[in-house]
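Here's model_23.txt, which has compact mmCIF, N, CA and C atoms:
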# COMPACT_ATOMS: atom_id res chain seq x y z
N GLY A 706 -36.38 -279.59 62.09
CA GLY A 706 -36.10 -279.55 60.68
C GLY A 706 -36.16 -280.92 60.06
N VAL A 707 -35.85 -281.02 58.80
CA VAL A 707 -35.84 -282.30 58.10
C VAL A 707 -34.69 -283.14 58.63
N PHE A 708 -34.96 -284.41 58.86
CA PHE A 708 -33.91 -285.30 59.32
C PHE A 708 -32.90 -285.49 58.20
N SER A 709 -31.64 -285.68 58.58
CA SER A 709 -30.62 -285.86 57.54
C SER A 709 -30.83 -287.15 56.76
N ASP A 710 -31.44 -288.14 57.40
CA ASP A 710 -31.74 -289.40 56.72
C ASP A 710 -33.22 -289.70 56.95
N VAL A 711 -34.07 -288.93 56.29
CA VAL A 711 -35.50 -288.96 56.57
C VAL A 711 -36.14 -290.31 56.27
N TYR A 712 -35.62 -291.07 55.33
CA TYR A 712 -36.24 -292.34 54.98
C TYR A 712 -35.91 -293.45 55.97
N ASN A 713 -34.84 -293.32 56.71
CA ASN A 713 -34.48 -294.34 57.69
C ASN A 713 -34.75 -293.88 59.12
N HIS A 714 -35.32 -292.72 59.28
CA HIS A 714 -35.61 -292.21 60.62
C HIS A 714 -36.82 -292.94 61.19
N LYS A 715 -36.73 -293.35 62.42
CA LYS A 715 -37.84 -294.02 63.08
C LYS A 715 -38.49 -293.05 64.07
N GLY A 716 -39.79 -292.97 64.06
CA GLY A 716 -40.49 -292.13 65.02
C GLY A 716 -41.02 -290.86 64.38
N LEU A 717 -41.56 -290.03 65.21
CA LEU A 717 -42.17 -288.78 64.75
C LEU A 717 -41.12 -287.72 64.49
N GLY A 718 -41.49 -286.74 63.68
CA GLY A 718 -40.58 -285.65 63.40
C GLY A 718 -41.28 -284.57 62.60
N CYS A 719 -40.54 -283.62 62.15
CA CYS A 719 -41.11 -282.53 61.36
C CYS A 719 -40.17 -282.21 60.21
N ALA A 720 -40.70 -281.48 59.25
CA ALA A 720 -39.90 -281.11 58.09
C ALA A 720 -40.16 -279.65 57.76
N HIS A 721 -39.16 -278.96 57.29
CA HIS A 721 -39.33 -277.58 56.86
C HIS A 721 -40.26 -277.56 55.66
N LEU A 722 -41.20 -276.65 55.65
CA LEU A 722 -42.25 -276.58 54.64
C LEU A 722 -41.72 -276.55 53.22
N PHE A 723 -40.62 -275.85 52.98
CA PHE A 723 -40.13 -275.68 51.62
C PHE A 723 -38.95 -276.60 51.27
N ASP A 724 -38.65 -277.57 52.13
CA ASP A 724 -37.59 -278.52 51.82
C ASP A 724 -38.09 -279.44 50.70
N LEU A 725 -37.27 -279.66 49.69
CA LEU A 725 -37.67 -280.47 48.55
C LEU A 725 -37.93 -281.93 48.92
N LYS A 726 -37.36 -282.40 50.04
CA LYS A 726 -37.60 -283.77 50.47
C LYS A 726 -39.07 -284.00 50.81
N VAL A 727 -39.77 -282.94 51.18
CA VAL A 727 -41.18 -283.08 51.56
C VAL A 727 -42.00 -283.63 50.39
N ASN A 728 -41.74 -283.17 49.19
CA ASN A 728 -42.47 -283.67 48.03
C ASN A 728 -42.29 -285.18 47.87
N HIS A 729 -41.07 -285.65 48.05
CA HIS A 729 -40.80 -287.08 47.91
C HIS A 729 -41.40 -287.87 49.08
N MET A 730 -41.44 -287.25 50.26
CA MET A 730 -42.08 -287.90 51.39
C MET A 730 -43.58 -288.08 51.13
N ILE A 731 -44.20 -287.11 50.47
CA ILE A 731 -45.61 -287.21 50.12
C ILE A 731 -45.83 -288.36 49.15
N VAL A 732 -45.03 -288.44 48.12
CA VAL A 732 -45.16 -289.51 47.12
C VAL A 732 -45.02 -290.88 47.79
N ASN A 733 -44.02 -291.03 48.65
CA ASN A 733 -43.80 -292.32 49.31
C ASN A 733 -44.89 -292.65 50.32
N ALA A 734 -45.33 -291.66 51.07
CA ALA A 734 -46.39 -291.89 52.05
C ALA A 734 -47.69 -292.27 51.36
N LYS A 735 -47.98 -291.66 50.24
CA LYS A 735 -49.23 -291.93 49.52
C LYS A 735 -49.30 -293.39 49.06
N LYS A 736 -48.17 -294.03 48.85
CA LYS A 736 -48.15 -295.44 48.46
C LYS A 736 -48.59 -296.36 49.59
N GLU A 737 -48.55 -295.85 50.82
CA GLU A 737 -48.81 -296.69 51.99
C GLU A 737 -50.15 -296.41 52.67
N VAL A 738 -50.85 -295.38 52.25
CA VAL A 738 -52.10 -295.00 52.93
C VAL A 738 -53.22 -294.79 51.93
N ASP A 739 -54.45 -294.84 52.42
CA ASP A 739 -55.60 -294.58 51.56
C ASP A 739 -55.82 -293.08 51.36
N TYR A 740 -55.63 -292.31 52.42
CA TYR A 740 -55.79 -290.86 52.37
C TYR A 740 -54.60 -290.21 53.05
N LEU A 741 -54.14 -289.12 52.47
CA LEU A 741 -52.99 -288.42 53.03
C LEU A 741 -53.32 -286.94 53.18
N PHE A 742 -53.30 -286.47 54.41
CA PHE A 742 -53.54 -285.06 54.70
C PHE A 742 -52.26 -284.46 55.27
N ILE A 743 -51.88 -283.32 54.73
CA ILE A 743 -50.71 -282.59 55.20
C ILE A 743 -51.20 -281.52 56.17
N ILE A 744 -50.55 -281.42 57.34
CA ILE A 744 -50.97 -280.44 58.34
C ILE A 744 -49.78 -279.53 58.65
N PRO A 745 -49.56 -278.51 57.79
CA PRO A 745 -48.44 -277.60 58.03
C PRO A 745 -48.76 -276.58 59.13
N HIS A 746 -47.75 -276.20 59.85
CA HIS A 746 -47.84 -275.14 60.85
C HIS A 746 -47.13 -273.94 60.24
N ALA A 747 -47.89 -273.11 59.52
CA ALA A 747 -47.28 -272.01 58.78
C ALA A 747 -48.32 -270.91 58.57
N GLY A 748 -47.86 -269.76 58.17
CA GLY A 748 -48.75 -268.65 57.88
C GLY A 748 -48.41 -267.42 58.69
N VAL A 749 -48.84 -266.29 58.20
CA VAL A 749 -48.58 -265.01 58.87
C VAL A 749 -49.65 -264.82 59.95
N GLU A 750 -49.21 -264.63 61.18
CA GLU A 750 -50.15 -264.48 62.29
C GLU A 750 -51.09 -263.30 62.09
N TYR A 751 -52.38 -263.56 62.38
CA TYR A 751 -53.45 -262.56 62.35
C TYR A 751 -53.69 -261.95 60.97
N TYR A 752 -53.25 -262.61 59.94
CA TYR A 752 -53.49 -262.17 58.57
C TYR A 752 -54.53 -263.12 57.99
N ASP A 753 -55.68 -262.60 57.61
CA ASP A 753 -56.81 -263.47 57.28
C ASP A 753 -56.80 -264.03 55.86
N ILE A 754 -55.74 -263.81 55.12
CA ILE A 754 -55.62 -264.36 53.77
C ILE A 754 -54.27 -265.07 53.68
N PRO A 755 -54.26 -266.34 53.25
CA PRO A 755 -52.96 -267.01 53.08
C PRO A 755 -52.11 -266.29 52.03
N THR A 756 -50.81 -266.28 52.24
CA THR A 756 -49.93 -265.63 51.27
C THR A 756 -49.92 -266.42 49.96
N PRO A 757 -49.66 -265.77 48.84
CA PRO A 757 -49.59 -266.48 47.57
C PRO A 757 -48.57 -267.62 47.58
N GLU A 758 -47.46 -267.45 48.30
CA GLU A 758 -46.45 -268.49 48.38
C GLU A 758 -46.99 -269.74 49.07
N LEU A 759 -47.74 -269.54 50.15
CA LEU A 759 -48.30 -270.69 50.86
C LEU A 759 -49.40 -271.36 50.04
N ILE A 760 -50.23 -270.58 49.39
CA ILE A 760 -51.26 -271.16 48.53
C ILE A 760 -50.61 -272.03 47.46
N ALA A 761 -49.56 -271.53 46.84
CA ALA A 761 -48.86 -272.29 45.79
C ALA A 761 -48.24 -273.56 46.38
N LYS A 762 -47.65 -273.46 47.56
CA LYS A 762 -47.02 -274.63 48.19
C LYS A 762 -48.07 -275.68 48.53
N TYR A 763 -49.22 -275.26 49.06
CA TYR A 763 -50.28 -276.21 49.42
C TYR A 763 -50.85 -276.88 48.17
N ARG A 764 -50.98 -276.15 47.09
CA ARG A 764 -51.43 -276.75 45.83
C ARG A 764 -50.37 -277.73 45.30
N ASP A 765 -49.13 -277.39 45.54
CA ASP A 765 -48.03 -278.29 45.16
C ASP A 765 -48.14 -279.61 45.93
N PHE A 766 -48.47 -279.54 47.21
CA PHE A 766 -48.66 -280.76 48.00
C PHE A 766 -49.75 -281.64 47.38
N ILE A 767 -50.83 -281.01 46.94
CA ILE A 767 -51.93 -281.75 46.30
C ILE A 767 -51.42 -282.39 44.99
N ASP A 768 -50.67 -281.61 44.21
CA ASP A 768 -50.14 -282.14 42.95
C ASP A 768 -49.21 -283.33 43.18
N TRP A 769 -48.50 -283.36 44.30
CA TRP A 769 -47.59 -284.46 44.61
C TRP A 769 -48.32 -285.66 45.18
N GLY A 770 -49.63 -285.51 45.50
CA GLY A 770 -50.39 -286.68 45.93
C GLY A 770 -51.19 -286.53 47.20
N ALA A 771 -51.04 -285.44 47.93
CA ALA A 771 -51.82 -285.27 49.16
C ALA A 771 -53.30 -285.12 48.80
N ASP A 772 -54.16 -285.66 49.65
CA ASP A 772 -55.60 -285.54 49.43
C ASP A 772 -56.15 -284.23 49.98
N GLY A 773 -55.46 -283.62 50.90
CA GLY A 773 -55.90 -282.36 51.46
C GLY A 773 -54.80 -281.72 52.29
N VAL A 774 -54.97 -280.43 52.54
CA VAL A 774 -54.03 -279.67 53.37
C VAL A 774 -54.86 -278.94 54.41
N ILE A 775 -54.52 -279.15 55.67
CA ILE A 775 -55.19 -278.49 56.78
C ILE A 775 -54.12 -277.67 57.50
N ALA A 776 -54.08 -276.40 57.20
CA ALA A 776 -53.01 -275.55 57.74
C ALA A 776 -53.40 -274.98 59.10
N SER A 777 -52.40 -274.67 59.89
CA SER A 777 -52.61 -274.03 61.18
C SER A 777 -51.48 -273.05 61.44
N HIS A 778 -51.72 -272.10 62.29
CA HIS A 778 -50.72 -271.19 62.81
C HIS A 778 -51.17 -269.74 62.89
N PRO A 779 -51.94 -269.18 61.95
CA PRO A 779 -52.14 -267.74 61.92
C PRO A 779 -52.98 -267.16 63.06
N HIS A 780 -53.60 -267.98 63.90
CA HIS A 780 -54.39 -267.52 65.04
C HIS A 780 -55.66 -266.79 64.63
N CYS A 781 -56.09 -267.02 63.40
CA CYS A 781 -57.36 -266.47 62.92
C CYS A 781 -57.80 -267.30 61.72
N PRO A 782 -59.10 -267.31 61.40
CA PRO A 782 -59.54 -268.06 60.22
C PRO A 782 -58.94 -267.45 58.95
N GLN A 783 -58.54 -268.32 58.04
CA GLN A 783 -58.05 -267.87 56.75
C GLN A 783 -58.91 -268.45 55.66
N GLY A 784 -58.52 -268.26 54.42
CA GLY A 784 -59.28 -268.72 53.26
C GLY A 784 -59.46 -270.22 53.23
N TRP A 785 -60.45 -270.66 52.50
CA TRP A 785 -60.74 -272.09 52.34
C TRP A 785 -60.28 -272.54 50.99

Rendering of file as structure tokens:
Amino acid sequence: GVFSDVYNHKGLGCAHLFDLKVNHMIVNAKKEVDYLFIIPHAGVEYYDIPTPELIAKYRDFIDWGADGVIASHPHCPQGW
């Protein structure tokens, strides 16, 4: 899950997809890199269309500054 003190945490970790801290992490990370890709592990297994909620969340990541979203998890190809 999201670290309780995500800005002072050292090392690798993960964050819950819908935690509001993720948006701020994107903004801050974008200040330090040329390109920022978000790689969420989410989606309904074996369902070949992303859910509307995930599509909206991934577009939200782009709006917050991510250059792209490369999702994984459903065990089958989904929409582009």

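Distance check against Phe742 (chain A) using only N, CA and C atoms: of A:Ile775, A:Pro755, A:Arg764, A:Cys781, the minimum falls on A:Ile775.
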
### Message
Applying 5 Å and all atoms listed in the file, which residues near region 725-741 of chain A remain after dropping the ones on its own chain fewer than 6 positions away? List them as a list in words.
### Response
Ala771, Asp772 and Gly773 of chain A

Write down as a PDB file with N, CA and C atoms, in the frame of the given file the residues of chain A whose backbone DSSP state falls under strand (DSSP E).
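Output (out_38.pdb):
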ATOM      1  N   PHE A 742     -53.300-286.470  54.410  1.00  0.00           N
ATOM      2  CA  PHE A 742     -53.540-285.060  54.700  1.00  0.00           C
ATOM      3  C   PHE A 742     -52.260-284.460  55.270  1.00  0.00           C
ATOM      4  N   ILE A 743     -51.880-283.320  54.730  1.00  0.00           N
ATOM      5  CA  ILE A 743     -50.710-282.590  55.200  1.00  0.00           C
ATOM      6  C   ILE A 743     -51.200-281.520  56.170  1.00  0.00           C
ATOM      7  N   GLY A 773     -55.460-283.620  50.900  1.00  0.00           N
ATOM      8  CA  GLY A 773     -55.900-282.360  51.460  1.00  0.00           C
ATOM      9  C   GLY A 773     -54.800-281.720  52.290  1.00  0.00           C
ATOM     10  N   VAL A 774     -54.970-280.430  52.540  1.00  0.00           N
ATOM     11  CA  VAL A 774     -54.030-279.670  53.370  1.00  0.00           C
ATOM     12  C   VAL A 774     -54.860-278.940  54.410  1.00  0.00           C
TER      13      VAL A 774
END

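Shell of Tyr752 (chain A) at 7 Å, with all atoms listed in the file counted and residues fewer than 6 places along the chain excluded, is Pro779, His780, Cys781, Pro782 and Gln783 of chain A.
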
### Message
List as a PyMOL selection string the protein and nucleic acid residues near Val774 (chain A), meaning an atom at most 6.5 Å away when all atoms listed in the file are counted, but skip any in the same chain fewer than 6 places from it.
### Response
chain A and resi 742-745+763

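Backbone DSSP over chain A yields alpha helix (DSSP H) at A:Lys726, A:Val727, A:Asn728, A:His729, A:Met730, A:Ile731, A:Val732, A:Asn733, A:Ala734, A:Lys735, A:Pro757, A:Glu758, A:Leu759, A:Ile760, A:Ala761, A:Lys762, A:Tyr763, A:Arg764, A:Asp765, A:Phe766, A:Ile767, A:Asp768.
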
Include N, CA and C atoms and write out the residues we just selected as a PDB file, in the frame of the given file.
ATOM      1  N   LYS A 726     -37.360-282.400  50.040  1.00  0.00           N
ATOM      2  CA  LYS A 726     -37.600-283.770  50.470  1.00  0.00           C
ATOM      3  C   LYS A 726     -39.070-284.000  50.810  1.00  0.00           C
ATOM      4  N   VAL A 727     -39.770-282.940  51.180  1.00  0.00           N
ATOM      5  CA  VAL A 727     -41.180-283.080  51.560  1.00  0.00           C
ATOM      6  C   VAL A 727     -42.000-283.630  50.390  1.00  0.00           C
ATOM      7  N   ASN A 728     -41.740-283.170  49.190  1.00  0.00           N
ATOM      8  CA  ASN A 728     -42.470-283.670  48.030  1.00  0.00           C
ATOM      9  C   ASN A 728     -42.290-285.180  47.870  1.00  0.00           C
ATOM     10  N   HIS A 729     -41.070-285.650  48.050  1.00  0.00           N
ATOM     11  CA  HIS A 729     -40.800-287.080  47.910  1.00  0.00           C
ATOM     12  C   HIS A 729     -41.400-287.870  49.080  1.00  0.00           C
ATOM     13  N   MET A 730     -41.440-287.250  50.260  1.00  0.00           N
ATOM     14  CA  MET A 730     -42.080-287.900  51.390  1.00  0.00           C
ATOM     15  C   MET A 730     -43.580-288.080  51.130  1.00  0.00           C
ATOM     16  N   ILE A 731     -44.200-287.110  50.470  1.00  0.00           N
ATOM     17  CA  ILE A 731     -45.610-287.210  50.120  1.00  0.00           C
ATOM     18  C   ILE A 731     -45.830-288.360  49.150  1.00  0.00           C
ATOM     19  N   VAL A 732     -45.030-288.440  48.120  1.00  0.00           N
ATOM     20  CA  VAL A 732     -45.160-289.510  47.120  1.00  0.00           C
ATOM     21  C   VAL A 732     -45.020-290.880  47.790  1.00  0.00           C
ATOM     22  N   ASN A 733     -44.020-291.030  48.650  1.00  0.00           N
ATOM     23  CA  ASN A 733     -43.800-292.320  49.310  1.00  0.00           C
ATOM     24  C   ASN A 733     -44.890-292.650  50.320  1.00  0.00           C
ATOM     25  N   ALA A 734     -45.330-291.660  51.070  1.00  0.00           N
ATOM     26  CA  ALA A 734     -46.390-291.890  52.050  1.00  0.00           C
ATOM     27  C   ALA A 734     -47.690-292.270  51.360  1.00  0.00           C
ATOM     28  N   LYS A 735     -47.980-291.660  50.240  1.00  0.00           N
ATOM     29  CA  LYS A 735     -49.230-291.930  49.520  1.00  0.00           C
ATOM     30  C   LYS A 735     -49.300-293.390  49.060  1.00  0.00           C
ATOM     31  N   PRO A 757     -49.660-265.770  48.840  1.00  0.00           N
ATOM     32  CA  PRO A 757     -49.590-266.480  47.570  1.00  0.00           C
ATOM     33  C   PRO A 757     -48.570-267.620  47.580  1.00  0.00           C
ATOM     34  N   GLU A 758     -47.460-267.450  48.300  1.00  0.00           N
ATOM     35  CA  GLU A 758     -46.450-268.490  48.380  1.00  0.00           C
ATOM     36  C   GLU A 758     -46.990-269.740  49.070  1.00  0.00           C
ATOM     37  N   LEU A 759     -47.740-269.540  50.150  1.00  0.00           N
ATOM     38  CA  LEU A 759     -48.300-270.690  50.860  1.00  0.00           C
ATOM     39  C   LEU A 759     -49.400-271.360  50.040  1.00  0.00           C
ATOM     40  N   ILE A 760     -50.230-270.580  49.390  1.00  0.00           N
ATOM     41  CA  ILE A 760     -51.260-271.160  48.530  1.00  0.00           C
ATOM     42  C   ILE A 760     -50.610-272.030  47.460  1.00  0.00           C
ATOM     43  N   ALA A 761     -49.560-271.530  46.840  1.00  0.00           N
ATOM     44  CA  ALA A 761     -48.860-272.290  45.790  1.00  0.00           C
ATOM     45  C   ALA A 761     -48.240-273.560  46.380  1.00  0.00           C
ATOM     46  N   LYS A 762     -47.650-273.460  47.560  1.00  0.00           N
ATOM     47  CA  LYS A 762     -47.020-274.630  48.190  1.00  0.00           C
ATOM     48  C   LYS A 762     -48.070-275.680  48.530  1.00  0.00           C
ATOM     49  N   TYR A 763     -49.220-275.260  49.060  1.00  0.00           N
ATOM     50  CA  TYR A 763     -50.280-276.210  49.420  1.00  0.00           C
ATOM     51  C   TYR A 763     -50.850-276.880  48.170  1.00  0.00           C
ATOM     52  N   ARG A 764     -50.980-276.150  47.090  1.00  0.00           N
ATOM     53  CA  ARG A 764     -51.430-276.750  45.830  1.00  0.00           C
ATOM     54  C   ARG A 764     -50.370-277.730  45.300  1.00  0.00           C
ATOM     55  N   ASP A 765     -49.130-277.390  45.540  1.00  0.00           N
ATOM     56  CA  ASP A 765     -48.030-278.290  45.160  1.00  0.00           C
ATOM     57  C   ASP A 765     -48.140-279.610  45.930  1.00  0.00           C
ATOM     58  N   PHE A 766     -48.470-279.540  47.210  1.00  0.00           N
ATOM     59  CA  PHE A 766     -48.660-280.760  48.000  1.00  0.00           C
ATOM     60  C   PHE A 766     -49.750-281.640  47.380  1.00  0.00           C
ATOM     61  N   ILE A 767     -50.830-281.010  46.940  1.00  0.00           N
ATOM     62  CA  ILE A 767     -51.930-281.750  46.300  1.00  0.00           C
ATOM     63  C   ILE A 767     -51.420-282.390  44.990  1.00  0.00           C
ATOM     64  N   ASP A 768     -50.670-281.610  44.210  1.00  0.00           N
ATOM     65  CA  ASP A 768     -50.140-282.140  42.950  1.00  0.00           C
ATOM     66  C   ASP A 768     -49.210-283.330  43.180  1.00  0.00           C
TER      67      ASP A 768
END

Please return region 724-735 of chain A, rebuilt to all heavy atoms, as a short mmCIF file (atom, residue, chain, number, x, y, z; two decimals), keeping the file's coordinate frame.
data_model
loop_
_atom_site.label_atom_id
_atom_site.label_comp_id
_atom_site.auth_asym_id
_atom_site.auth_seq_id
_atom_site.Cartn_x
_atom_site.Cartn_y
_atom_site.Cartn_z
N ASP A 724 -38.65 -277.57 52.13
CA ASP A 724 -37.59 -278.52 51.82
C ASP A 724 -38.09 -279.44 50.70
O ASP A 724 -39.20 -279.96 50.75
CB ASP A 724 -37.25 -279.34 53.06
CG ASP A 724 -35.98 -280.16 52.85
OD1 ASP A 724 -35.94 -280.98 51.92
OD2 ASP A 724 -35.03 -279.97 53.63
N LEU A 725 -37.27 -279.66 49.69
CA LEU A 725 -37.67 -280.47 48.55
C LEU A 725 -37.93 -281.93 48.92
O LEU A 725 -38.65 -282.64 48.21
CB LEU A 725 -36.63 -280.38 47.44
CG LEU A 725 -36.47 -278.99 46.82
CD1 LEU A 725 -35.37 -279.00 45.78
CD2 LEU A 725 -37.79 -278.51 46.21
N LYS A 726 -37.36 -282.40 50.04
CA LYS A 726 -37.60 -283.77 50.47
C LYS A 726 -39.07 -284.00 50.81
O LYS A 726 -39.56 -285.12 50.75
CB LYS A 726 -36.74 -284.10 51.70
CG LYS A 726 -35.28 -284.20 51.41
CD LYS A 726 -34.51 -284.52 52.68
CE LYS A 726 -33.02 -284.50 52.44
NZ LYS A 726 -32.28 -284.71 53.69
N VAL A 727 -39.77 -282.94 51.18
CA VAL A 727 -41.18 -283.08 51.56
C VAL A 727 -42.00 -283.63 50.39
O VAL A 727 -42.86 -284.50 50.59
CB VAL A 727 -41.75 -281.73 52.06
CG1 VAL A 727 -43.25 -281.82 52.28
CG2 VAL A 727 -41.04 -281.30 53.33
N ASN A 728 -41.74 -283.17 49.19
CA ASN A 728 -42.47 -283.67 48.03
C ASN A 728 -42.29 -285.18 47.87
O ASN A 728 -43.24 -285.90 47.60
CB ASN A 728 -42.03 -282.96 46.76
CG ASN A 728 -42.32 -281.48 46.79
OD1 ASN A 728 -43.12 -281.01 47.58
ND2 ASN A 728 -41.65 -280.73 45.94
N HIS A 729 -41.07 -285.65 48.05
CA HIS A 729 -40.80 -287.08 47.91
C HIS A 729 -41.40 -287.87 49.08
O HIS A 729 -41.83 -289.01 48.90
CB HIS A 729 -39.29 -287.32 47.79
CG HIS A 729 -38.71 -286.64 46.60
ND1 HIS A 729 -38.93 -287.08 45.32
CD2 HIS A 729 -37.97 -285.51 46.50
CE1 HIS A 729 -38.33 -286.26 44.47
NE2 HIS A 729 -37.74 -285.30 45.16
N MET A 730 -41.44 -287.25 50.26
CA MET A 730 -42.08 -287.90 51.39
C MET A 730 -43.58 -288.08 51.13
O MET A 730 -44.16 -289.11 51.49
CB MET A 730 -41.87 -287.06 52.66
CG MET A 730 -40.43 -287.03 53.12
SD MET A 730 -40.11 -285.80 54.41
CE MET A 730 -41.10 -286.44 55.73
N ILE A 731 -44.20 -287.11 50.47
CA ILE A 731 -45.61 -287.21 50.12
C ILE A 731 -45.83 -288.36 49.15
O ILE A 731 -46.74 -289.18 49.34
CB ILE A 731 -46.13 -285.88 49.53
CG1 ILE A 731 -46.17 -284.81 50.61
CG2 ILE A 731 -47.50 -286.05 48.88
CD1 ILE A 731 -46.43 -283.40 50.10
N VAL A 732 -45.03 -288.44 48.12
CA VAL A 732 -45.16 -289.51 47.12
C VAL A 732 -45.02 -290.88 47.79
O VAL A 732 -45.83 -291.79 47.56
CB VAL A 732 -44.11 -289.35 46.00
CG1 VAL A 732 -44.06 -290.58 45.11
CG2 VAL A 732 -44.40 -288.10 45.19
N ASN A 733 -44.02 -291.03 48.65
CA ASN A 733 -43.80 -292.32 49.31
C ASN A 733 -44.89 -292.65 50.32
O ASN A 733 -45.34 -293.80 50.40
CB ASN A 733 -42.43 -292.34 49.98
CG ASN A 733 -41.31 -292.38 48.96
OD1 ASN A 733 -41.49 -292.88 47.86
ND2 ASN A 733 -40.17 -291.83 49.31
N ALA A 734 -45.33 -291.66 51.07
CA ALA A 734 -46.39 -291.89 52.05
C ALA A 734 -47.69 -292.27 51.36
O ALA A 734 -48.43 -293.13 51.85
CB ALA A 734 -46.58 -290.65 52.92
N LYS A 735 -47.98 -291.66 50.24
CA LYS A 735 -49.23 -291.93 49.52
C LYS A 735 -49.30 -293.39 49.06
O LYS A 735 -50.40 -293.95 48.95
CB LYS A 735 -49.36 -290.98 48.32
CG LYS A 735 -50.66 -291.08 47.60
CD LYS A 735 -51.84 -290.74 48.51
CE LYS A 735 -53.13 -290.85 47.72
NZ LYS A 735 -54.29 -290.54 48.53
#
